[in-house]
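Asks: Data: work_22.txt, compact mmCIF, C-alpha atoms.
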```
# COMPACT_ATOMS: atom_id res chain seq x y z
CA MET A 887 6.25 157.21 126.47
CA ALA A 888 5.02 160.52 125.23
CA THR A 889 7.64 163.14 124.74
CA GLY A 890 7.72 165.94 127.26
CA VAL A 891 6.94 165.27 130.89
CA LYS A 892 3.72 166.84 132.09
CA SER A 893 4.19 168.86 135.22
CA ARG A 894 1.66 166.66 136.99
CA ASP A 895 3.85 163.61 136.29
CA ARG A 896 6.87 165.27 137.80
CA ASN A 897 5.09 165.09 141.14
CA ARG A 898 4.25 161.43 140.75
CA VAL A 899 6.41 158.39 141.37
CA LEU A 900 5.89 154.65 140.90
CA TYR A 901 4.91 152.62 143.93
CA LEU A 902 5.90 148.96 143.54
CA TYR A 903 3.63 146.20 144.92
CA GLY A 904 5.40 143.16 143.60
CA ILE A 905 6.90 141.25 140.72
CA THR A 906 5.41 138.36 138.76
CA ARG A 907 6.45 136.30 135.77
CA GLU A 908 3.54 137.40 133.64
CA GLY A 909 0.40 139.48 133.58
CA GLU A 910 -0.96 142.58 131.92
CA GLY A 911 -3.41 145.41 132.33
CA ALA A 912 -4.84 146.72 135.58
CA VAL A 913 -5.95 144.77 138.64
CA PRO A 914 -9.76 144.86 138.52
CA GLY A 915 -11.61 146.48 141.40
CA ILE A 916 -8.46 147.57 143.20
CA THR A 917 -6.93 150.98 143.78
CA GLY A 918 -3.40 151.63 144.94
CA VAL A 919 -2.05 152.75 148.28
CA ASP A 920 -3.36 156.27 147.65
CA ALA A 921 -6.93 154.95 147.20
CA ALA A 922 -7.08 156.61 143.79
CA ALA A 923 -4.78 155.32 141.06
CA SER A 924 -5.16 151.90 139.47
CA VAL A 925 -2.61 149.15 139.97
CA GLU A 926 -1.14 148.21 136.62
CA ALA A 927 1.25 145.71 135.10
CA LEU A 928 4.47 147.12 133.71
CA PRO A 929 6.72 144.84 131.66
CA CYS A 930 10.21 145.03 133.18
CA ALA A 931 13.31 143.22 131.95
CA GLY A 932 11.34 140.11 131.04
CA LEU A 933 9.32 140.13 134.28
CA VAL A 934 6.21 142.10 135.22
CA CYS A 935 6.15 144.81 137.89
CA TRP A 936 2.84 145.85 139.44
CA THR A 937 2.80 149.54 140.24
CA SER A 938 0.58 152.54 140.75
CA ARG A 939 1.31 156.25 140.42
CA VAL A 940 1.53 157.97 143.78
CA ASP A 941 2.30 161.43 145.05
CA LYS A 942 6.02 161.99 145.32
CA ILE A 943 5.89 164.06 148.48
CA GLU A 944 3.57 161.73 150.37
CA PHE A 945 5.19 158.42 149.38
CA ALA A 946 8.82 159.32 148.82
CA GLU A 947 10.01 162.49 150.45
CA ASN A 948 7.81 162.20 153.54
CA LEU A 949 7.55 158.41 153.68
CA ALA A 950 9.54 157.94 156.88
CA ARG A 951 7.62 160.67 158.66
CA ASN A 952 4.26 159.38 157.42
CA MET A 953 5.10 155.90 158.68
CA GLU A 954 5.27 157.29 162.17
CA ASN A 955 1.71 158.49 161.77
CA LEU A 956 -0.16 155.37 162.80
CA GLU A 957 -3.41 156.34 161.14
CA TRP A 958 -1.63 156.86 157.85
CA LEU A 959 0.36 153.67 158.24
CA ALA A 960 -2.66 151.55 159.11
CA GLU A 961 -4.63 152.78 156.11
CA VAL A 962 -1.80 152.55 153.60
CA SER A 963 -0.52 149.16 154.78
CA VAL A 964 -3.99 147.68 154.48
CA ARG A 965 -4.28 149.01 150.92
CA HIS A 966 -0.81 147.69 150.14
CA GLN A 967 -1.84 144.24 151.38
CA GLN A 968 -5.13 144.37 149.45
CA ALA A 969 -3.34 145.18 146.21
CA VAL A 970 -0.65 142.52 146.66
CA ALA A 971 -3.27 139.93 147.64
CA ALA A 972 -5.40 140.77 144.58
CA ILE A 973 -2.40 140.26 142.29
CA ALA A 974 -1.43 137.08 144.15
CA ASN A 975 -4.93 135.73 143.68
CA SER A 976 -4.20 134.55 140.18
CA ARG A 977 -0.42 134.18 140.03
CA ASP A 978 2.79 133.80 141.98
CA ILE A 979 4.12 137.12 143.22
CA LEU A 980 7.23 138.38 144.95
CA PRO A 981 5.77 141.05 147.21
CA ALA A 982 7.83 144.22 147.41
CA ARG A 983 8.85 145.76 150.69
CA PHE A 984 6.34 148.33 151.90
CA GLY A 985 7.19 151.80 150.63
CA THR A 986 9.33 150.85 147.63
CA VAL A 987 9.11 153.77 145.25
CA PHE A 988 10.76 154.48 141.89
CA ARG A 989 11.12 157.74 140.07
CA THR A 990 10.44 156.38 136.60
CA PRO A 991 9.66 153.13 134.79
CA ALA A 992 13.24 153.26 133.45
CA SER A 993 14.78 153.34 136.94
CA LEU A 994 12.53 150.47 138.01
CA THR A 995 13.48 148.41 134.96
CA ALA A 996 17.17 149.04 135.60
CA ASP A 997 16.89 147.79 139.16
CA VAL A 998 14.88 144.72 138.20
CA GLN A 999 17.43 143.97 135.49
CA LYS A 1000 20.24 144.24 138.01
CA ASN A 1001 18.54 141.84 140.46
CA LYS A 1002 16.94 139.60 137.90
CA ALA A 1003 18.81 136.38 138.72
CA LEU A 1004 17.80 136.63 142.38
CA LEU A 1005 14.21 137.54 141.54
CA VAL A 1006 13.81 134.63 139.14
CA HIS A 1007 15.32 132.29 141.72
CA ASP A 1008 12.87 133.51 144.37
CA LEU A 1009 9.91 133.22 141.99
CA LYS A 1010 10.83 129.59 141.47
CA ARG A 1011 11.12 129.00 145.22
CA ILE A 1012 7.69 130.39 146.04
CA SER A 1013 5.95 128.90 143.01
CA GLY A 1014 2.54 127.49 143.95
CA CYS A 1015 3.00 128.48 147.59
CA GLU A 1016 1.28 130.76 150.05
CA GLU A 1017 2.32 132.07 153.44
CA TRP A 1018 0.55 131.33 156.72
CA GLY A 1019 1.18 133.07 160.00
CA VAL A 1020 1.03 130.93 163.14
CA LYS A 1021 0.98 132.07 166.76
CA VAL A 1022 0.81 129.96 169.89
CA PHE A 1023 -0.55 131.60 173.01
CA GLY A 1024 -0.14 130.00 176.39
CA PRO A 1025 -1.04 130.66 179.99
CA GLN A 1026 0.40 133.90 181.25
CA ALA A 1027 1.65 134.72 184.70
CA GLN A 1028 -0.13 137.66 186.25
CA PRO A 1029 2.48 140.29 187.00
CA GLN A 1030 2.30 141.63 190.54
CA VAL A 1031 0.54 144.93 190.48
CA ALA A 1032 2.65 147.50 192.22
CA ALA A 1033 0.75 148.28 195.37
CA GLY A 1034 1.38 151.62 196.93
CA ALA A 1035 2.87 153.22 193.83
CA LYS A 1036 3.09 156.94 194.42
CA SER A 1037 2.69 157.99 190.83
CA GLY A 1038 1.77 156.60 187.45
CA ARG A 1039 5.43 156.51 186.60
CA ASP A 1040 6.24 154.49 189.72
CA TYR A 1041 3.47 152.10 188.83
CA LEU A 1042 4.73 151.61 185.29
CA GLN A 1043 8.29 151.09 186.40
CA ALA A 1044 7.27 148.55 189.02
CA LYS A 1045 5.13 146.74 186.50
CA ALA A 1046 7.95 146.77 183.97
CA ALA A 1047 10.25 145.21 186.56
CA ALA A 1048 7.64 142.53 187.31
CA LEU A 1049 7.32 141.70 183.64
CA LEU A 1050 11.06 141.53 183.26
CA ALA A 1051 11.10 138.88 185.99
CA GLU A 1052 8.70 136.65 184.06
CA ALA A 1053 10.04 133.34 182.86
CA PRO A 1054 11.78 133.58 179.51
CA ARG A 1055 9.45 132.68 176.68
CA THR A 1056 11.23 129.66 175.35
CA ALA A 1057 9.14 127.12 173.54
CA ASP A 1058 8.46 124.05 175.66
CA ALA A 1059 8.63 120.48 174.37
CA GLU A 1060 4.97 120.51 173.29
CA VAL A 1061 5.44 123.64 171.25
CA GLN A 1062 8.59 122.18 169.74
CA ARG A 1063 6.61 119.10 168.71
CA PHE A 1064 4.07 121.40 167.05
CA VAL A 1065 6.81 123.33 165.25
CA ARG A 1066 8.35 120.11 163.94
CA ALA A 1067 4.93 119.02 162.66
CA LEU A 1068 4.50 122.39 160.94
CA GLU A 1069 7.89 122.05 159.32
CA GLY A 1070 6.76 118.71 157.95
CA VAL A 1071 3.90 120.37 156.07
CA ALA A 1072 5.72 123.54 155.02
CA VAL A 1073 8.18 124.05 152.20
CA GLU A 1074 9.99 126.52 154.43
CA ALA A 1075 9.43 127.88 157.91
CA ALA A 1076 10.57 131.19 159.36
CA ALA A 1077 10.37 131.27 163.12
CA GLY A 1078 10.14 134.50 164.99
CA ALA A 1079 8.71 136.54 162.14
CA GLY A 1080 6.36 139.34 163.06
CA ALA A 1081 8.17 142.33 164.40
CA VAL A 1082 5.03 144.26 165.23
CA SER A 1083 3.09 141.74 167.30
CA ARG A 1084 5.96 139.90 168.93
CA GLY A 1085 5.24 141.70 172.18
CA GLN A 1086 1.69 140.34 172.45
CA ARG A 1087 0.85 139.10 175.89
CA GLY A 1088 1.00 135.34 176.33
CA LEU A 1089 2.61 134.76 172.95
CA HIS A 1090 4.80 131.68 173.27
CA TRP A 1091 5.78 131.07 169.68
CA GLN A 1092 5.33 132.84 166.39
CA GLY A 1093 6.37 131.92 162.90
CA SER A 1094 5.54 132.06 159.22
CA LEU A 1095 5.18 129.06 156.95
CA LEU A 1096 5.56 128.75 153.23
CA VAL A 1097 3.06 126.09 152.23
CA LYS A 1098 2.05 124.67 148.86
CA ARG A 1099 -1.56 125.56 148.07
CA SER A 1100 -2.15 121.85 147.58
CA GLN A 1101 -1.11 121.22 151.21
CA ARG A 1102 -3.79 123.41 152.77
CA GLY A 1103 -5.76 120.37 153.84
CA LYS A 1104 -2.79 118.93 155.70
CA LEU A 1105 -2.17 122.22 157.46
CA GLN A 1106 -5.83 122.33 158.41
CA GLN A 1107 -5.70 118.82 159.88
CA LEU A 1108 -2.58 119.66 161.84
CA MET A 1109 -4.18 122.79 163.30
CA ALA A 1110 -7.31 120.85 164.23
CA ARG A 1111 -5.28 118.09 165.90
CA PHE A 1112 -3.16 120.42 168.03
CA SER A 1113 -6.10 122.67 168.85
CA ARG A 1114 -7.86 119.59 170.23
CA ASP A 1115 -4.82 118.33 172.14
CA TRP A 1116 -4.17 121.73 173.64
CA GLU A 1117 -7.69 122.66 174.57
CA GLY A 1118 -7.64 124.76 177.72
CA LYS A 1119 -3.84 124.94 177.70
CA ARG A 1120 -2.72 126.75 174.62
CA ARG A 1121 -4.43 128.61 171.84
CA ILE A 1122 -3.32 128.60 168.20
CA GLU A 1123 -3.93 131.58 165.97
CA LEU A 1124 -3.57 131.16 162.26
CA SER A 1125 -3.66 133.94 159.69
CA GLY A 1126 -3.52 133.69 155.93
CA PRO A 1127 -3.14 132.92 153.22
CA TRP A 1128 -0.67 135.74 152.70
CA PRO A 1129 1.50 136.49 149.71
CA PRO A 1130 4.97 135.12 150.57
CA TYR A 1131 6.18 138.29 152.31
CA SER A 1132 8.55 136.46 154.65
CA PHE A 1133 10.16 134.21 152.06
CA VAL A 1134 11.79 136.52 149.59
CA SER A 1135 15.43 137.52 149.50
CA ARG A 1136 16.80 140.72 150.79
CA THR A 1137 19.81 142.38 149.28
CA GLN A 1138 23.15 141.80 150.99
CA LYS A 1139 23.27 145.39 152.04
CA GLU A 1140 19.95 145.06 153.77
CA GLU A 1141 20.98 141.86 155.54
CA ALA A 1142 24.13 143.57 156.75
CA GLY A 1143 22.06 146.46 158.04
CA ARG A 1144 19.92 144.10 160.08
CA ALA A 1145 22.74 142.13 161.62
CA MET B 853 -12.28 133.32 149.27
CA ALA B 854 -14.51 131.01 151.31
CA ASP B 855 -11.73 128.42 151.37
CA ASN B 856 -9.33 130.94 152.76
CA ASN B 857 -11.45 131.49 155.82
CA LEU B 858 -11.71 127.82 156.57
CA LEU B 859 -8.38 127.62 158.36
CA ALA B 860 -8.65 130.97 160.05
CA GLY B 861 -12.04 129.92 161.37
CA LEU B 862 -10.37 127.19 163.39
CA SER B 863 -8.75 129.68 165.68
CA GLY B 864 -11.93 131.66 166.06
CA GLN B 865 -10.66 134.58 164.05
CA ASP B 866 -13.04 135.80 161.43
CA GLU B 867 -10.90 138.57 160.19
CA VAL B 868 -7.26 139.36 159.98
CA SER B 869 -6.14 141.89 162.52
CA LEU B 870 -4.27 145.03 161.67
CA LEU B 871 -1.47 143.66 163.80
CA ASP B 872 -1.13 140.68 161.49
CA ILE B 873 -1.24 142.85 158.40
CA LEU B 874 1.55 145.03 159.75
CA ASP B 875 3.54 141.95 160.75
CA HIS B 876 3.49 140.71 157.20
CA VAL B 877 3.59 143.94 155.23
CA LEU B 878 6.25 145.84 157.16
CA ASN B 879 9.86 144.85 157.08
CA ALA B 880 9.12 141.90 154.81
CA GLY B 881 9.05 141.57 151.07
CA VAL B 882 11.67 141.80 148.41
CA VAL B 883 13.95 144.78 148.70
CA ILE B 884 15.03 146.39 145.50
CA HIS B 885 16.26 149.88 145.79
CA GLY B 886 14.50 152.68 144.03
CA SER B 887 16.27 155.62 142.54
CA LEU B 888 14.84 157.69 145.34
CA VAL B 889 16.36 157.18 148.72
CA ILE B 890 13.83 155.28 150.77
CA SER B 891 14.46 155.08 154.44
CA LEU B 892 14.30 151.36 155.04
CA ALA B 893 16.20 151.75 158.26
CA GLY B 894 13.41 153.96 159.51
CA VAL B 895 10.97 151.08 159.40
CA ASP B 896 12.34 149.49 162.55
CA LEU B 897 11.79 152.65 164.51
CA VAL B 898 8.12 152.58 163.70
CA TYR B 899 7.64 149.45 165.81
CA VAL B 900 8.17 151.29 169.04
CA GLY B 901 5.25 153.59 168.36
CA LEU B 902 3.13 150.85 166.86
CA ASN B 903 3.39 148.62 169.84
CA VAL B 904 2.40 151.35 172.19
CA VAL B 905 -0.79 151.93 170.31
CA LEU B 906 -1.69 148.49 169.05
CA THR B 907 -0.80 146.07 171.76
CA SER B 908 -1.16 145.92 175.46
CA VAL B 909 0.26 148.10 178.18
CA GLU B 910 2.76 145.34 178.87
CA THR B 911 4.15 145.67 175.40
CA ALA B 912 4.53 149.36 175.83
CA LEU B 913 6.45 148.70 178.99
CA ARG B 914 8.83 146.35 177.25
CA HIS B 915 9.62 149.10 174.83
CA MET B 916 10.14 151.56 177.63
CA ARG B 917 12.90 149.29 178.80
CA LEU B 918 14.34 148.99 175.33
CA GLU B 919 14.36 152.71 174.90
CA GLN B 920 16.42 153.04 178.01
CA LEU B 921 19.22 151.11 176.35
CA PRO B 922 21.81 153.55 175.04
CA ASP B 923 21.82 154.58 171.41
CA ARG B 924 19.13 152.18 170.29
CA ALA B 925 16.81 154.60 168.62
CA GLY B 926 19.52 156.42 166.73
CA ARG B 927 21.09 153.47 164.98
CA PRO B 928 18.90 150.47 164.26
```
Reformat the file's structure so that it appears as structure tokens.

Replies:
Amino acid sequence: MATGVKSRDRNRVLYLYGITREGEGAVPGITGVDAAASVEALPCAGLVCWTSRVDKIEFAENLARNMENLEWLAEVSVRHQQAVAAIANSRDILPARFGTVFRTPASLTADVQKNKALLVHDLKRISGCEEWGVKVFGPQAQPQVAAGAKSGRDYLQAKAAALLAEAPRTADAEVQRFVRALEGVAVEAAAGAGAVSRGQRGLHWQGSLLVKRSQRGKLQQLMARFSRDWEGKRRIELSGPWPPYSFVSRTQKEEAGRA
Amino acid sequence: MADNNLLAGLSGQDEVSLLDILDHVLNAGVVIHGSLVISLAGVDLVYVGLNVVLTSVETALRHMRLEQLPDRAGRP
């Protein structure tokens, strides 16, 4: 590090994309979440952190507020995913939570050092694996449209009540059979993942799978088989491969906060 | 990347939706705390707004009901 911090650098912080065992240099053809800076490898406590320099005000001080701006969030989350996916293309990566920002390389290194045992353990767990998102959509009851509603608000409230009365979305025996088959192919399965789209209409089951890259063929066969069996009854949506976002540890504090 | 699209093609999806990206990118991933205070708790609150915009009217309605529950928005 050069001595003396340039004033420009004081307004920049490090945005973390993920952690790998090895790697160096910049990710070719990829810019960071700000669509400007390159994404570079930073050796950290024996591991490698992938970061880019971002504006401190936009990505640290105003992060929470910016995340409520859906245009901003859409753009930045797509760039985040693109960067993590580009790194994951050639190596195993522990993807960092969206919006993880560090003041300096030293503060990042200190944190990685502190969590190193957990990080190394997770890297081993996800080694050679990729994540797939699975959704099962089924037939949906048509909610009764509120006839004679006097206002838009009346209409919405009546419709909300109708939706509330819908049958609970528990997986039926067929879906359970599918889930068991998925678990047979996956290293790990996390049911119910997907906080954003869990309210999608007709969604009967949703989960993420951690699958060895070598098992893609088996997953493909499974999808084909159930898609055939369920034709006209249920629809399967598959997305991936994703970096293993849903299969990395959270700190105890974070788990407590979610309980 | 041709291989990657093979499986997705089965379900008739040629591209990953923004909804799926947000599902995977938000509120997932390894949490290590920066020296700056990052509002991780704030992430959950974003979903209310997201659903209104990104999914159907029905989803928005579900959240209307959730918002009526006392003290939800303040303390995730």

Asks: Residues within 10 Å of Thr995 (chain A), please, as a list in words. Count all atoms listed in the file; anything in the same chain fewer than 6 positions from it doesn't count.

Replies: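 Using all atoms listed in the file, the neighbours found are Leu928, Pro929, Cys930, Ala931, Gly932, Leu933, Val934, Cys935, Phe988, Asn1001 and Lys1002 of chain A.
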
Asks: CA of Pro1127 (chain A) and CA of Gln1107 (chain A), how far apart in Å?

Replies: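 Separation of CA of Gln1107 (chain A) and CA of Pro1127 (chain A): 15.8 Å.
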
Asks: Between A:Val1020, A:Leu1124, A:Val940, A:Val1061, single out the one closest to chain B, counting all atoms listed in the file.

Replies: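 For chain B, the nearest of the candidates is A:Leu1124.
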
Asks: Kindly indicate which residue among A:Trp1018, A:Ala972, A:Asp978, A:Ser963 lies nearest to chain B, using all atoms listed in the file for the distances.

Replies: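 Of A:Trp1018, A:Ala972, A:Asp978, A:Ser963, the one nearest chain B is A:Ser963, counting all atoms listed in the file.
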
Asks: Between CA of Gly911 (chain A) and CA of Ser938 (chain A), what distance in Å does the model show, to one decimal?

Replies: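 Calculated distance between CA of Gly911 (chain A) and CA of Ser938 (chain A) is 11.7 Å.
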
Asks: What is the distance between CA of Ala1067 (chain A) and CA of Leu1105 (chain A), in Å to one decimal?

Replies: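 Separation between CA of Ala1067 (chain A) and CA of Leu1105 (chain A): 9.4 Å.
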
Asks: Return the single residue from A:Ala982, A:Val987, A:Gly918, A:Ala927 that is closest to Ile943 (chain A), with distances computed using all atoms listed in the file.

Replies: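 Answer, going by the shortest atom-to-atom distance: A:Val987.
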
Asks: Need to verify the contact set: Ala1076 (chain A), 12 Å, all atoms listed in the file, exclusion of same-chain residues closer than 3 positions in sequence. Can you return it as a list in words?

Replies: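 Skipping anything fewer than 3 positions along the chain leaves Glu1017, Trp1018, Gly1019, Val1020, Val1065, Leu1068, Glu1069, Ala1072, Val1073, Ala1079, Gly1080, Trp1091, Gln1092, Gly1093, Ser1094, Leu1095, Leu1096, Val1097, Pro1130, Tyr1131, Ser1132, Phe1133 and Val1134 of chain A; Ala880 of chain B.
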
Asks: Tell me which of A:Arg965, A:Lys942, A:Arg907, A:Arg951 sits closest to Ile873 (chain B), counting only C-alpha atoms.

Replies: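 Distance minimum relative to Ile873 (chain B) lands on A:Arg965.
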
Asks: Using all atoms listed in the file for the distances, tell me which of A:Lys1000, A:Lys1010, A:Lys1119, A:Arg989 is nearest to chain B.

Replies: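 Closest to chain B, using all atoms listed in the file: A:Arg989.
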
Asks: Pick the closest to Arg983 (chain A) from A:Leu902, A:Ala1077, A:Val1071, A:Leu1108: which is it, counting only C-alpha atoms?

Replies: A:Leu902

Asks: So that I can see what lies close to Val877 (chain B), please list as number ranges by chain the residues with an atom at most 12 Å from it, counting all atoms listed in the file and leaving out residues fewer than 2 positions away in the same chain.

Replies: A: 903-904, 959-960, 962-971, 981-986, 1079-1082, 1128-1132; B: 870-875, 879-882, 895
